[in-house]
>>> print(open('start-v9.cif').read())   # mmCIF, C-alpha atoms (C1' of nucleotides)
data_start
#
loop_
_atom_site.label_atom_id
_atom_site.label_comp_id
_atom_site.auth_asym_id
_atom_site.auth_seq_id
_atom_site.Cartn_x
_atom_site.Cartn_y
_atom_site.Cartn_z
CA MET A 26 -18.39 2.66 -13.82
CA ASN A 27 -18.77 -0.11 -16.39
CA GLU A 28 -17.23 -3.54 -16.60
CA ASP A 29 -14.19 -2.52 -18.63
CA GLN A 30 -13.42 0.36 -16.31
CA ALA A 31 -13.74 -1.90 -13.29
CA VAL A 32 -11.44 -4.56 -14.72
CA SER A 33 -8.98 -1.89 -15.73
CA ALA A 34 -8.97 -0.35 -12.24
CA LEU A 35 -8.70 -3.73 -10.53
CA SER A 36 -5.86 -4.80 -12.82
CA ALA A 37 -4.05 -1.59 -12.05
CA LEU A 38 -4.33 -2.23 -8.31
CA ALA A 39 -3.57 -5.94 -8.52
CA HIS A 40 0.15 -5.44 -8.29
CA THR A 41 2.24 -4.97 -5.19
CA GLN A 42 4.10 -1.89 -6.34
CA ARG A 43 1.09 -0.15 -7.83
CA LEU A 44 -1.01 -0.91 -4.77
CA ARG A 45 1.69 0.66 -2.59
CA VAL A 46 1.85 3.66 -4.88
CA PHE A 47 -1.90 4.08 -4.84
CA ARG A 48 -2.17 3.70 -1.09
CA ALA A 49 0.63 6.19 -0.61
CA LEU A 50 -1.34 8.64 -2.73
CA VAL A 51 -4.53 7.89 -0.79
CA VAL A 52 -2.70 8.70 2.43
CA ALA A 53 -1.10 11.80 0.91
CA GLY A 54 -4.55 13.20 0.13
CA PRO A 55 -5.23 16.33 -1.94
CA GLU A 56 -1.62 17.49 -1.76
CA GLY A 57 -0.48 14.56 -3.85
CA LEU A 58 3.09 13.38 -4.41
CA THR A 59 5.74 13.65 -7.11
CA PRO A 60 7.29 10.60 -8.78
CA SER A 61 10.63 11.43 -7.17
CA VAL A 62 9.19 11.37 -3.68
CA LEU A 63 7.33 8.15 -4.42
CA ALA A 64 10.43 6.51 -5.91
CA ASP A 65 12.45 7.34 -2.79
CA GLN A 66 9.67 6.42 -0.40
CA LEU A 67 8.95 3.06 -2.03
CA ASP A 68 12.44 2.29 -3.34
CA VAL A 69 11.46 1.69 -6.96
CA ALA A 70 13.43 2.54 -10.10
CA ARG A 71 12.13 5.73 -11.69
CA ASN A 72 11.34 4.28 -15.07
CA THR A 73 9.55 1.37 -13.45
CA LEU A 74 7.58 3.79 -11.29
CA SER A 75 6.77 5.88 -14.32
CA PHE A 76 5.36 2.83 -16.04
CA HIS A 77 3.21 1.96 -13.04
CA LEU A 78 1.95 5.51 -12.58
CA LYS A 79 0.93 5.50 -16.21
CA GLU A 80 -1.03 2.32 -15.60
CA LEU A 81 -2.81 3.86 -12.64
CA ALA A 82 -3.53 7.04 -14.59
CA HIS A 83 -4.79 5.07 -17.55
CA ALA A 84 -7.14 3.20 -15.23
CA GLY A 85 -8.46 6.52 -13.95
CA LEU A 86 -7.26 5.94 -10.40
CA VAL A 87 -4.82 8.82 -10.26
CA THR A 88 -4.64 12.26 -11.82
CA ILE A 89 -1.59 14.16 -13.03
CA GLU A 90 -0.90 17.86 -12.73
CA GLN A 91 2.21 19.51 -14.02
CA GLN A 92 3.91 22.10 -11.80
CA GLY A 93 7.06 23.36 -13.42
CA ARG A 94 9.25 20.35 -13.98
CA ASN A 95 7.51 18.35 -11.30
CA LEU A 96 4.43 16.26 -11.78
CA ILE A 97 1.92 15.96 -8.98
CA TYR A 98 0.07 12.68 -8.81
CA ARG A 99 -3.11 12.40 -6.77
CA ALA A 100 -5.49 9.56 -5.97
CA GLU A 101 -8.82 9.96 -7.78
CA TYR A 102 -11.19 9.21 -4.94
CA ALA A 103 -14.35 9.43 -7.02
CA HIS A 104 -13.14 6.68 -9.30
CA MET A 105 -12.12 4.49 -6.40
CA ASN A 106 -15.52 4.93 -4.78
CA GLY A 107 -17.14 4.10 -8.10
CA LEU A 108 -15.19 0.88 -8.23
CA ILE A 109 -16.23 -0.03 -4.70
CA GLY A 110 -19.84 0.62 -5.58
CA TYR A 111 -19.56 -1.53 -8.68
CA LEU A 112 -18.39 -4.51 -6.65
CA THR A 113 -21.36 -4.47 -4.30
CA GLU A 114 -24.06 -3.42 -6.77
CA HIS A 115 -27.46 -5.13 -6.42
CA CYS A 116 -26.06 -7.00 -3.46
CA CYS A 117 -28.24 -9.87 -2.22
CA GLN A 118 -30.87 -9.12 -4.85
CA GLY A 119 -31.49 -5.77 -3.25
CA GLY A 120 -33.47 -7.13 -0.35
CA VAL A 121 -31.61 -8.66 2.54
CA CYS A 122 -28.73 -6.30 3.19
CA GLU A 123 -28.07 -3.56 5.61
CA VAL A 124 -25.97 -0.60 4.64
CA SER A 125 -23.20 0.43 6.97
CA GLU A 126 -20.90 3.33 7.62
CA SER A 127 -17.79 2.80 5.59
CA THR A 128 -14.32 4.19 5.17
CA GLN A 129 -15.07 5.70 1.80
CA CYS A 130 -13.12 8.86 1.18
CA ASN A 131 -14.79 12.08 0.04
CA CYS A 132 -11.79 14.23 -0.64
CA MET B 11 -6.23 -7.76 5.43
CA ASN B 12 -2.57 -7.50 4.58
CA GLU B 13 -0.81 -6.54 1.36
CA ASP B 14 -0.54 -10.05 -0.04
CA GLN B 15 -4.19 -10.76 0.63
CA ALA B 16 -5.20 -7.51 -1.01
CA VAL B 17 -3.11 -8.14 -4.12
CA SER B 18 -4.47 -11.66 -4.27
CA ALA B 19 -8.07 -10.49 -4.03
CA LEU B 20 -7.56 -7.70 -6.55
CA SER B 21 -5.86 -10.06 -9.00
CA ALA B 22 -8.74 -12.46 -8.66
CA LEU B 23 -11.23 -9.72 -9.51
CA ALA B 24 -9.13 -8.15 -12.25
CA HIS B 25 -10.52 -10.39 -14.91
CA THR B 26 -13.73 -10.02 -16.88
CA GLN B 27 -15.04 -13.52 -16.29
CA ARG B 28 -14.13 -13.70 -12.64
CA LEU B 29 -15.58 -10.26 -12.00
CA ARG B 30 -18.83 -11.39 -13.59
CA VAL B 31 -18.82 -14.54 -11.53
CA PHE B 32 -18.18 -12.64 -8.34
CA ARG B 33 -20.83 -10.03 -9.03
CA ALA B 34 -23.32 -12.75 -9.86
CA LEU B 35 -22.56 -14.30 -6.48
CA VAL B 36 -22.89 -10.92 -4.77
CA VAL B 37 -26.32 -10.50 -6.32
CA ALA B 38 -27.28 -14.07 -5.45
CA GLY B 39 -26.64 -13.38 -1.78
CA PRO B 40 -26.64 -16.01 0.98
CA GLU B 41 -28.32 -18.62 -1.22
CA GLY B 42 -25.29 -18.82 -3.45
CA LEU B 43 -25.06 -20.48 -6.84
CA THR B 44 -23.77 -23.74 -8.28
CA PRO B 45 -21.09 -23.89 -10.98
CA SER B 46 -23.65 -25.28 -13.42
CA VAL B 47 -25.99 -22.35 -12.96
CA LEU B 48 -23.10 -19.93 -13.25
CA ALA B 49 -21.78 -21.63 -16.38
CA ASP B 50 -25.18 -21.40 -18.05
CA GLN B 51 -25.84 -17.88 -16.86
CA LEU B 52 -22.47 -16.54 -17.98
CA ASP B 53 -21.88 -18.84 -20.93
CA VAL B 54 -18.45 -20.08 -19.85
CA ALA B 55 -16.99 -23.56 -20.31
CA ARG B 56 -17.26 -25.57 -17.10
CA ASN B 57 -13.58 -26.33 -16.73
CA THR B 58 -12.73 -22.69 -17.34
CA LEU B 59 -15.31 -21.65 -14.75
CA SER B 60 -13.93 -24.19 -12.33
CA PHE B 61 -10.50 -22.66 -12.73
CA HIS B 62 -11.82 -19.18 -12.09
CA LEU B 63 -13.88 -20.22 -9.08
CA LYS B 64 -10.79 -21.80 -7.61
CA GLU B 65 -8.95 -18.53 -8.09
CA LEU B 66 -11.71 -16.63 -6.31
CA ALA B 67 -11.82 -19.19 -3.51
CA HIS B 68 -8.05 -19.12 -3.13
CA ALA B 69 -8.22 -15.34 -2.83
CA GLY B 70 -10.80 -15.71 -0.05
CA LEU B 71 -13.55 -13.96 -1.99
CA VAL B 72 -15.91 -16.91 -2.23
CA THR B 73 -16.72 -19.91 -0.06
CA ILE B 74 -17.61 -23.44 -1.11
CA GLU B 75 -20.15 -25.76 0.45
CA GLN B 76 -20.89 -29.22 -0.79
CA GLN B 77 -24.53 -30.33 -1.01
CA GLY B 78 -24.80 -33.77 -2.47
CA ARG B 79 -23.17 -33.65 -5.84
CA ASN B 80 -23.66 -29.94 -6.12
CA LEU B 81 -21.30 -27.29 -4.84
CA ILE B 82 -22.69 -24.03 -3.56
CA TYR B 83 -20.48 -21.01 -4.07
CA ARG B 84 -21.12 -17.84 -2.11
CA ALA B 85 -19.54 -14.40 -2.06
CA GLU B 86 -17.53 -13.80 1.11
CA TYR B 87 -18.75 -10.35 2.02
CA ALA B 88 -16.45 -9.92 4.99
CA HIS B 89 -13.39 -10.40 2.85
CA MET B 90 -14.67 -8.01 0.22
CA ASN B 91 -15.35 -5.37 2.85
CA GLY B 92 -11.87 -5.94 4.24
CA LEU B 93 -10.41 -5.28 0.83
CA ILE B 94 -12.41 -2.09 0.46
CA GLY B 95 -11.20 -0.94 3.85
CA TYR B 96 -7.60 -1.69 2.92
CA LEU B 97 -7.80 0.56 -0.14
CA THR B 98 -8.94 3.60 1.78
CA GLU B 99 -6.94 3.09 4.97
CA HIS B 100 -5.40 6.22 6.52
CA CYS B 101 -7.00 8.22 3.77
CA CYS B 102 -5.82 11.84 3.56
CA GLN B 103 -3.53 11.35 6.55
CA GLY B 104 -6.52 10.70 8.72
CA GLY B 105 -7.57 14.31 8.96
CA VAL B 106 -9.43 15.84 6.07
CA CYS B 107 -12.01 13.23 5.10
CA GLU B 108 -15.62 12.74 5.75
CA VAL B 109 -17.06 9.29 6.03
CA SER B 110 -20.12 8.50 3.97
CA GLU B 111 -22.87 5.95 3.77
CA SER B 112 -21.73 3.26 1.44
CA THR B 113 -23.03 0.23 -0.37
CA GLN B 114 -21.06 -2.21 1.76
CA CYS B 115 -22.86 -5.46 2.21
CA ASN B 116 -23.38 -7.05 5.63
CA CYS B 117 -24.80 -10.38 4.70
"C1'" DT C 4 -24.44 -52.23 -10.28
"C1'" DC C 5 -24.25 -49.03 -14.08
"C1'" DA C 6 -25.23 -44.99 -16.79
"C1'" DT C 7 -25.56 -40.12 -15.95
"C1'" DT C 8 -24.47 -35.76 -14.16
"C1'" DA C 9 -21.52 -32.34 -11.40
"C1'" DA C 10 -17.32 -30.69 -10.98
"C1'" DT C 11 -12.40 -30.78 -11.01
"C1'" DT C 12 -7.55 -31.73 -12.60
"C1'" DC C 13 -3.81 -31.75 -15.76
"C1'" DA C 14 -0.79 -30.70 -19.67
"C1'" DA C 15 0.00 -27.81 -23.56
"C1'" DT C 16 -0.05 -23.62 -25.99
"C1'" DG C 17 -0.70 -18.84 -27.16
"C1'" DA C 18 -1.12 -14.29 -25.10
"C1'" DT C 19 -0.13 -10.86 -21.75
"C1'" DT C 20 2.69 -8.57 -18.28
"C1'" DG C 21 6.88 -6.72 -15.53
"C1'" DT C 22 11.40 -5.21 -15.43
"C1'" DT C 23 15.63 -3.44 -17.13
"C1'" DG C 24 18.77 -0.60 -19.87
"C1'" DT C 25 19.11 2.99 -22.99
"C1'" DA C 26 17.49 7.04 -25.19
"C1'" DT C 27 14.54 11.12 -25.30
"C1'" DT C 28 11.80 15.29 -23.94
"C1'" DA C 29 11.28 19.17 -21.11
"C1'" DT C 30 12.25 22.44 -17.37
"C1'" DC C 31 15.11 24.94 -14.24
"C1'" DG C 32 18.99 27.82 -12.64
"C1'" DA C 33 23.68 29.62 -13.25
"C1'" DT D 7 22.96 28.95 -23.69
"C1'" DC D 8 24.50 24.93 -21.14
"C1'" DG D 9 24.61 21.45 -17.62
"C1'" DA D 10 21.69 19.15 -14.35
"C1'" DT D 11 17.45 17.18 -13.00
"C1'" DA D 12 12.49 15.30 -13.57
"C1'" DA D 13 10.11 12.26 -15.95
"C1'" DT D 14 8.75 9.44 -19.78
"C1'" DA D 15 9.20 6.27 -24.01
"C1'" DC D 16 10.81 2.24 -26.21
"C1'" DA D 17 12.60 -2.39 -27.24
"C1'" DA D 18 13.64 -6.90 -25.52
"C1'" DC D 19 13.41 -10.73 -22.68
"C1'" DA D 20 11.75 -13.65 -18.89
"C1'" DA D 21 7.86 -14.88 -16.29
"C1'" DT D 22 3.14 -15.41 -15.58
"C1'" DC D 23 -1.69 -16.16 -17.03
"C1'" DA D 24 -6.00 -17.92 -19.72
"C1'" DT D 25 -8.08 -21.23 -22.37
"C1'" DT D 26 -8.86 -25.67 -24.37
"C1'" DG D 27 -9.35 -30.71 -24.72
"C1'" DA D 28 -9.02 -34.97 -22.55
"C1'" DA D 29 -9.12 -37.55 -18.44
"C1'" DT D 30 -10.64 -38.21 -13.56
"C1'" DT D 31 -13.32 -38.24 -9.15
"C1'" DA D 32 -17.57 -38.47 -6.88
"C1'" DA D 33 -22.60 -38.63 -6.15
"C1'" DT D 34 -27.26 -39.78 -7.82
"C1'" DG D 35 -31.08 -42.65 -9.27
"C1'" DA D 36 -33.05 -46.45 -12.05
#
>>> encode(input="start-v9.cif", output="structure tokens")
Amino acid sequence: MNEDQAVSALSALAHTQRLRVFRALVVAGPEGLTPSVLADQLDVARNTLSFHLKELAHAGLVTIEQQGRNLIYRAEYAHMNGLIGYLTEHCCQGGVCEVSESTQCNC
Amino acid sequence: MNEDQAVSALSALAHTQRLRVFRALVVAGPEGLTPSVLADQLDVARNTLSFHLKELAHAGLVTIEQQGRNLIYRAEYAHMNGLIGYLTEHCCQGGVCEVSESTQCNC
DNA sequence: TCATTAATTCAATGATTGTTGTATTATCGA
DNA sequence: TCGATAATACAACAATCATTGAATTAATGA
């Protein structure tokens, strides 16, 4: 994770609809979700959703797999964990902190 | 952490300069840093920096303490950890995941 | 008190972003 | 092959954001 990637990922998440989409995909887990299901679940216009999914994909936070005429979107946990690590890197000059159990996902 | 707080925090971080400022404060730890030091260290105009620090403070990611004519800014680790938790909440429908050691800071 | 330094505020301007409507590509099933 | 569905692409406009310069507030020390 470098600075540009981090800013890109944060920008992608810094939006109500995209954050909802991403969290829905995090909850969905490895099965993923299709744009249609997401659009119904979150009540967003399909072209708007498409735009937002593209943003998330471009930021590396979700992956796309084609299955027939459906697309399966999935949260990219590795990238999310990389972002989280980037935020806390070299915390407190490396000396003072304790490390704790977290809710990081290893799917 | 609720949705609005999360979007607010993510928006605050989704910017090259503010991300640098925040990470510098994370590294600085409990001692914190003054705007002057940050401005020199990151080569940003003081009024621009002031604007960005206000954004970070408004998002709850940094705290401000006055010491004479200096202000001490510090990263608010609890809020950052709350944000991280929000992103991964109910991950994989609560069933499939393992929890790992992370780099979360407990200052 | 007065000059200096720390930091912020405000208005203005240029740049970026979000949403919508319309059109397009591609796949499926009859 | 043809109609229906899944999904994306594109252009346009409104709304929001970032930066700058100038002015302001507040604290320090001679």
>>> resolve_selection(input="start-v9.cif", expression="the PyMOL selection byres ((chain B) within 10 of (chain A))", output="number ranges by chain")
B: 13-14, 16-30, 32-42, 85, 87, 90-91, 93-117
>>> atom_distance(input="start-v9.cif", atom1="atom C1' of DT25 of chain D", atom2="atom CA of Asn27 of chain A")
24.4 Å
>>> interface_residues(input="start-v9.cif", of="chain A", to="chain C", cutoff="10 Å", atoms="all atoms listed in the file", output="ChimeraX atom specification")
/A:40,70,72-73,76-77,93-95
>>> calpha_fit_and_write(input="start-v9.cif", fixed="chain A", moving="chain B", output="PDB file with C-alpha atoms, in the coordinates of the input")
ATOM      1  CA  MET B  11     -18.428   2.612 -13.841  1.00  0.00           C
ATOM      2  CA  ASN B  12     -18.809  -0.129 -16.395  1.00  0.00           C
ATOM      3  CA  GLU B  13     -17.258  -3.584 -16.610  1.00  0.00           C
ATOM      4  CA  ASP B  14     -14.231  -2.566 -18.649  1.00  0.00           C
ATOM      5  CA  GLN B  15     -13.456   0.320 -16.336  1.00  0.00           C
ATOM      6  CA  ALA B  16     -13.765  -1.924 -13.312  1.00  0.00           C
ATOM      7  CA  VAL B  17     -11.479  -4.596 -14.750  1.00  0.00           C
ATOM      8  CA  SER B  18      -9.027  -1.902 -15.749  1.00  0.00           C
ATOM      9  CA  ALA B  19      -8.994  -0.371 -12.279  1.00  0.00           C
ATOM     10  CA  LEU B  20      -8.725  -3.740 -10.556  1.00  0.00           C
ATOM     11  CA  SER B  21      -5.879  -4.815 -12.838  1.00  0.00           C
ATOM     12  CA  ALA B  22      -4.074  -1.601 -12.072  1.00  0.00           C
ATOM     13  CA  LEU B  23      -4.350  -2.242  -8.337  1.00  0.00           C
ATOM     14  CA  ALA B  24      -3.606  -5.955  -8.544  1.00  0.00           C
ATOM     15  CA  HIS B  25       0.098  -5.456  -8.296  1.00  0.00           C
ATOM     16  CA  THR B  26       2.225  -4.997  -5.200  1.00  0.00           C
ATOM     17  CA  GLN B  27       4.071  -1.906  -6.363  1.00  0.00           C
ATOM     18  CA  ARG B  28       1.083  -0.167  -7.855  1.00  0.00           C
ATOM     19  CA  LEU B  29      -1.017  -0.920  -4.793  1.00  0.00           C
ATOM     20  CA  ARG B  30       1.673   0.641  -2.627  1.00  0.00           C
ATOM     21  CA  VAL B  31       1.842   3.647  -4.886  1.00  0.00           C
ATOM     22  CA  PHE B  32      -1.900   4.083  -4.846  1.00  0.00           C
ATOM     23  CA  ARG B  33      -2.189   3.703  -1.093  1.00  0.00           C
ATOM     24  CA  ALA B  34       0.621   6.184  -0.607  1.00  0.00           C
ATOM     25  CA  LEU B  35      -1.341   8.630  -2.745  1.00  0.00           C
ATOM     26  CA  VAL B  36      -4.522   7.904  -0.794  1.00  0.00           C
ATOM     27  CA  VAL B  37      -2.700   8.708   2.427  1.00  0.00           C
ATOM     28  CA  ALA B  38      -1.119  11.804   0.897  1.00  0.00           C
ATOM     29  CA  GLY B  39      -4.551  13.214   0.130  1.00  0.00           C
ATOM     30  CA  PRO B  40      -5.226  16.343  -1.941  1.00  0.00           C
ATOM     31  CA  GLU B  41      -1.602  17.490  -1.771  1.00  0.00           C
ATOM     32  CA  GLY B  42      -0.482  14.555  -3.851  1.00  0.00           C
ATOM     33  CA  LEU B  43       3.066  13.367  -4.393  1.00  0.00           C
ATOM     34  CA  THR B  44       5.731  13.636  -7.074  1.00  0.00           C
ATOM     35  CA  PRO B  45       7.278  10.595  -8.765  1.00  0.00           C
ATOM     36  CA  SER B  46      10.614  11.408  -7.136  1.00  0.00           C
ATOM     37  CA  VAL B  47       9.164  11.347  -3.648  1.00  0.00           C
ATOM     38  CA  LEU B  48       7.307   8.146  -4.420  1.00  0.00           C
ATOM     39  CA  ALA B  49      10.406   6.511  -5.887  1.00  0.00           C
ATOM     40  CA  ASP B  50      12.423   7.336  -2.780  1.00  0.00           C
ATOM     41  CA  GLN B  51       9.652   6.411  -0.391  1.00  0.00           C
ATOM     42  CA  LEU B  52       8.942   3.060  -2.028  1.00  0.00           C
ATOM     43  CA  ASP B  53      12.420   2.291  -3.313  1.00  0.00           C
ATOM     44  CA  VAL B  54      11.432   1.676  -6.934  1.00  0.00           C
ATOM     45  CA  ALA B  55      13.410   2.552 -10.060  1.00  0.00           C
ATOM     46  CA  ARG B  56      12.097   5.748 -11.634  1.00  0.00           C
ATOM     47  CA  ASN B  57      11.332   4.298 -15.035  1.00  0.00           C
ATOM     48  CA  THR B  58       9.535   1.378 -13.426  1.00  0.00           C
ATOM     49  CA  LEU B  59       7.545   3.790 -11.265  1.00  0.00           C
ATOM     50  CA  SER B  60       6.747   5.878 -14.300  1.00  0.00           C
ATOM     51  CA  PHE B  61       5.348   2.811 -16.003  1.00  0.00           C
ATOM     52  CA  HIS B  62       3.194   1.960 -13.020  1.00  0.00           C
ATOM     53  CA  LEU B  63       1.927   5.508 -12.580  1.00  0.00           C
ATOM     54  CA  LYS B  64       0.910   5.511 -16.209  1.00  0.00           C
ATOM     55  CA  GLU B  65      -1.023   2.314 -15.618  1.00  0.00           C
ATOM     56  CA  LEU B  66      -2.821   3.860 -12.656  1.00  0.00           C
ATOM     57  CA  ALA B  67      -3.540   7.035 -14.607  1.00  0.00           C
ATOM     58  CA  HIS B  68      -4.805   5.066 -17.587  1.00  0.00           C
ATOM     59  CA  ALA B  69      -7.146   3.187 -15.264  1.00  0.00           C
ATOM     60  CA  GLY B  70      -8.484   6.514 -13.976  1.00  0.00           C
ATOM     61  CA  LEU B  71      -7.278   5.942 -10.425  1.00  0.00           C
ATOM     62  CA  VAL B  72      -4.833   8.829 -10.286  1.00  0.00           C
ATOM     63  CA  THR B  73      -4.635  12.283 -11.834  1.00  0.00           C
ATOM     64  CA  ILE B  74      -1.587  14.182 -13.041  1.00  0.00           C
ATOM     65  CA  GLU B  75      -0.869  17.877 -12.718  1.00  0.00           C
ATOM     66  CA  GLN B  76       2.252  19.538 -13.965  1.00  0.00           C
ATOM     67  CA  GLN B  77       3.950  22.120 -11.734  1.00  0.00           C
ATOM     68  CA  GLY B  78       7.117  23.371 -13.297  1.00  0.00           C
ATOM     69  CA  ARG B  79       9.295  20.381 -13.881  1.00  0.00           C
ATOM     70  CA  ASN B  80       7.529  18.381 -11.242  1.00  0.00           C
ATOM     71  CA  LEU B  81       4.438  16.280 -11.751  1.00  0.00           C
ATOM     72  CA  ILE B  82       1.923  15.973  -8.962  1.00  0.00           C
ATOM     73  CA  TYR B  83       0.065  12.689  -8.804  1.00  0.00           C
ATOM     74  CA  ARG B  84      -3.118  12.406  -6.781  1.00  0.00           C
ATOM     75  CA  ALA B  85      -5.499   9.574  -5.984  1.00  0.00           C
ATOM     76  CA  GLU B  86      -8.824   9.956  -7.785  1.00  0.00           C
ATOM     77  CA  TYR B  87     -11.198   9.226  -4.948  1.00  0.00           C
ATOM     78  CA  ALA B  88     -14.341   9.421  -7.041  1.00  0.00           C
ATOM     79  CA  HIS B  89     -13.141   6.682  -9.327  1.00  0.00           C
ATOM     80  CA  MET B  90     -12.117   4.498  -6.421  1.00  0.00           C
ATOM     81  CA  ASN B  91     -15.515   4.937  -4.804  1.00  0.00           C
ATOM     82  CA  GLY B  92     -17.139   4.094  -8.124  1.00  0.00           C
ATOM     83  CA  LEU B  93     -15.195   0.870  -8.247  1.00  0.00           C
ATOM     84  CA  ILE B  94     -16.224  -0.024  -4.717  1.00  0.00           C
ATOM     85  CA  GLY B  95     -19.837   0.633  -5.606  1.00  0.00           C
ATOM     86  CA  TYR B  96     -19.566  -1.546  -8.699  1.00  0.00           C
ATOM     87  CA  LEU B  97     -18.391  -4.522  -6.642  1.00  0.00           C
ATOM     88  CA  THR B  98     -21.345  -4.468  -4.297  1.00  0.00           C
ATOM     89  CA  GLU B  99     -24.054  -3.435  -6.754  1.00  0.00           C
ATOM     90  CA  HIS B 100     -27.427  -5.182  -6.386  1.00  0.00           C
ATOM     91  CA  CYS B 101     -26.009  -7.032  -3.438  1.00  0.00           C
ATOM     92  CA  CYS B 102     -28.191  -9.893  -2.173  1.00  0.00           C
ATOM     93  CA  GLN B 103     -30.824  -9.155  -4.808  1.00  0.00           C
ATOM     94  CA  GLY B 104     -31.424  -5.795  -3.253  1.00  0.00           C
ATOM     95  CA  GLY B 105     -33.404  -7.110  -0.330  1.00  0.00           C
ATOM     96  CA  VAL B 106     -31.545  -8.626   2.568  1.00  0.00           C
ATOM     97  CA  CYS B 107     -28.667  -6.238   3.216  1.00  0.00           C
ATOM     98  CA  GLU B 108     -28.011  -3.513   5.632  1.00  0.00           C
ATOM     99  CA  VAL B 109     -25.917  -0.559   4.658  1.00  0.00           C
ATOM    100  CA  SER B 110     -23.097   0.422   6.964  1.00  0.00           C
ATOM    101  CA  GLU B 111     -20.816   3.327   7.639  1.00  0.00           C
ATOM    102  CA  SER B 112     -17.738   2.832   5.578  1.00  0.00           C
ATOM    103  CA  THR B 113     -14.276   4.231   5.129  1.00  0.00           C
ATOM    104  CA  GLN B 114     -15.048   5.754   1.745  1.00  0.00           C
ATOM    105  CA  CYS B 115     -13.113   8.900   1.140  1.00  0.00           C
ATOM    106  CA  ASN B 116     -14.769  12.124  -0.027  1.00  0.00           C
ATOM    107  CA  CYS B 117     -11.798  14.282  -0.722  1.00  0.00           C
TER     108      CYS B 117
END
>>> resolve_selection(input="start-v9.cif", expression="the PyMOL selection byres ((chain A and resi 98) around 7)", output="PyMOL selection string")
chain A and resi 57-59+87-90+96-97+99-100
>>> interface_residues(input="start-v9.cif", of="chain D", to="chain B", cutoff="8 Å", atoms="only C-alpha atoms (C1' of nucleotides)", output="list in words")
DT25, DA32, DA33 and DT34 of chain D
>>> atom_distance(input="start-v9.cif", atom1="atom CA of Leu86 of chain A", atom2="atom CA of Glu86 of chain B")
25.1 Å
>>> atom_distance(input="start-v9.cif", atom1="atom CA of Asp65 of chain A", atom2="atom CA of His104 of chain A")
26.4 Å
>>> residues_near_point(input="start-v9.cif", point="(9.1, 12.6, -13.1)", cutoff="6 Å", atoms="only C-alpha atoms (C1' of nucleotides)", output="ChimeraX atom specification")
/A:60 /D:12-13
>>> write_last_selection(input="start-v9.cif", atoms="C-alpha atoms (C1' of nucleotides)", output="mmCIF file, keeping the file's coordinate frame")
data_model
loop_
_atom_site.group_PDB
_atom_site.id
_atom_site.type_symbol
_atom_site.label_atom_id
_atom_site.label_comp_id
_atom_site.auth_asym_id
_atom_site.auth_seq_id
_atom_site.Cartn_x
_atom_site.Cartn_y
_atom_site.Cartn_z
ATOM 1 C CA PRO A 60 7.290 10.600 -8.780
ATOM 2 C "C1'" DA D 12 12.490 15.300 -13.570
ATOM 3 C "C1'" DA D 13 10.110 12.260 -15.950
#
>>> build_atoms(input="start-v9.cif", residues="segment 41-49 of chain A", atoms="N, CA, C and O atoms", output="mmCIF file, in the coordinates of the input")
data_model
loop_
_atom_site.group_PDB
_atom_site.id
_atom_site.type_symbol
_atom_site.label_atom_id
_atom_site.label_comp_id
_atom_site.auth_asym_id
_atom_site.auth_seq_id
_atom_site.Cartn_x
_atom_site.Cartn_y
_atom_site.Cartn_z
ATOM 1 N N THR A 41 1.697 -5.460 -6.446
ATOM 2 C CA THR A 41 2.240 -4.970 -5.190
ATOM 3 C C THR A 41 2.716 -3.512 -5.272
ATOM 4 O O THR A 41 2.332 -2.683 -4.455
ATOM 5 N N GLN A 42 3.526 -3.228 -6.272
ATOM 6 C CA GLN A 42 4.100 -1.890 -6.340
ATOM 7 C C GLN A 42 3.038 -0.829 -6.592
ATOM 8 O O GLN A 42 3.044 0.245 -5.980
ATOM 9 N N ARG A 43 2.126 -1.139 -7.519
ATOM 10 C CA ARG A 43 1.090 -0.150 -7.830
ATOM 11 C C ARG A 43 0.152 0.042 -6.647
ATOM 12 O O ARG A 43 -0.300 1.161 -6.390
ATOM 13 N N LEU A 44 -0.140 -1.029 -5.940
ATOM 14 C CA LEU A 44 -1.010 -0.910 -4.770
ATOM 15 C C LEU A 44 -0.343 -0.021 -3.722
ATOM 16 O O LEU A 44 -0.988 0.833 -3.118
ATOM 17 N N ARG A 45 0.967 -0.206 -3.542
ATOM 18 C CA ARG A 45 1.690 0.660 -2.590
ATOM 19 C C ARG A 45 1.662 2.109 -3.042
ATOM 20 O O ARG A 45 1.478 3.016 -2.239
ATOM 21 N N VAL A 46 1.880 2.304 -4.346
ATOM 22 C CA VAL A 46 1.850 3.660 -4.880
ATOM 23 C C VAL A 46 0.478 4.287 -4.641
ATOM 24 O O VAL A 46 0.367 5.406 -4.131
ATOM 25 N N PHE A 47 -0.552 3.534 -4.976
ATOM 26 C CA PHE A 47 -1.900 4.080 -4.840
ATOM 27 C C PHE A 47 -2.216 4.387 -3.381
ATOM 28 O O PHE A 47 -2.737 5.458 -3.059
ATOM 29 N N ARG A 48 -1.873 3.458 -2.504
ATOM 30 C CA ARG A 48 -2.170 3.700 -1.090
ATOM 31 C C ARG A 48 -1.377 4.875 -0.537
ATOM 32 O O ARG A 48 -1.873 5.634 0.301
ATOM 33 N N ALA A 49 -0.163 5.035 -1.024
ATOM 34 C CA ALA A 49 0.630 6.190 -0.610
ATOM 35 C C ALA A 49 -0.062 7.483 -1.043
ATOM 36 O O ALA A 49 -0.106 8.473 -0.304
#
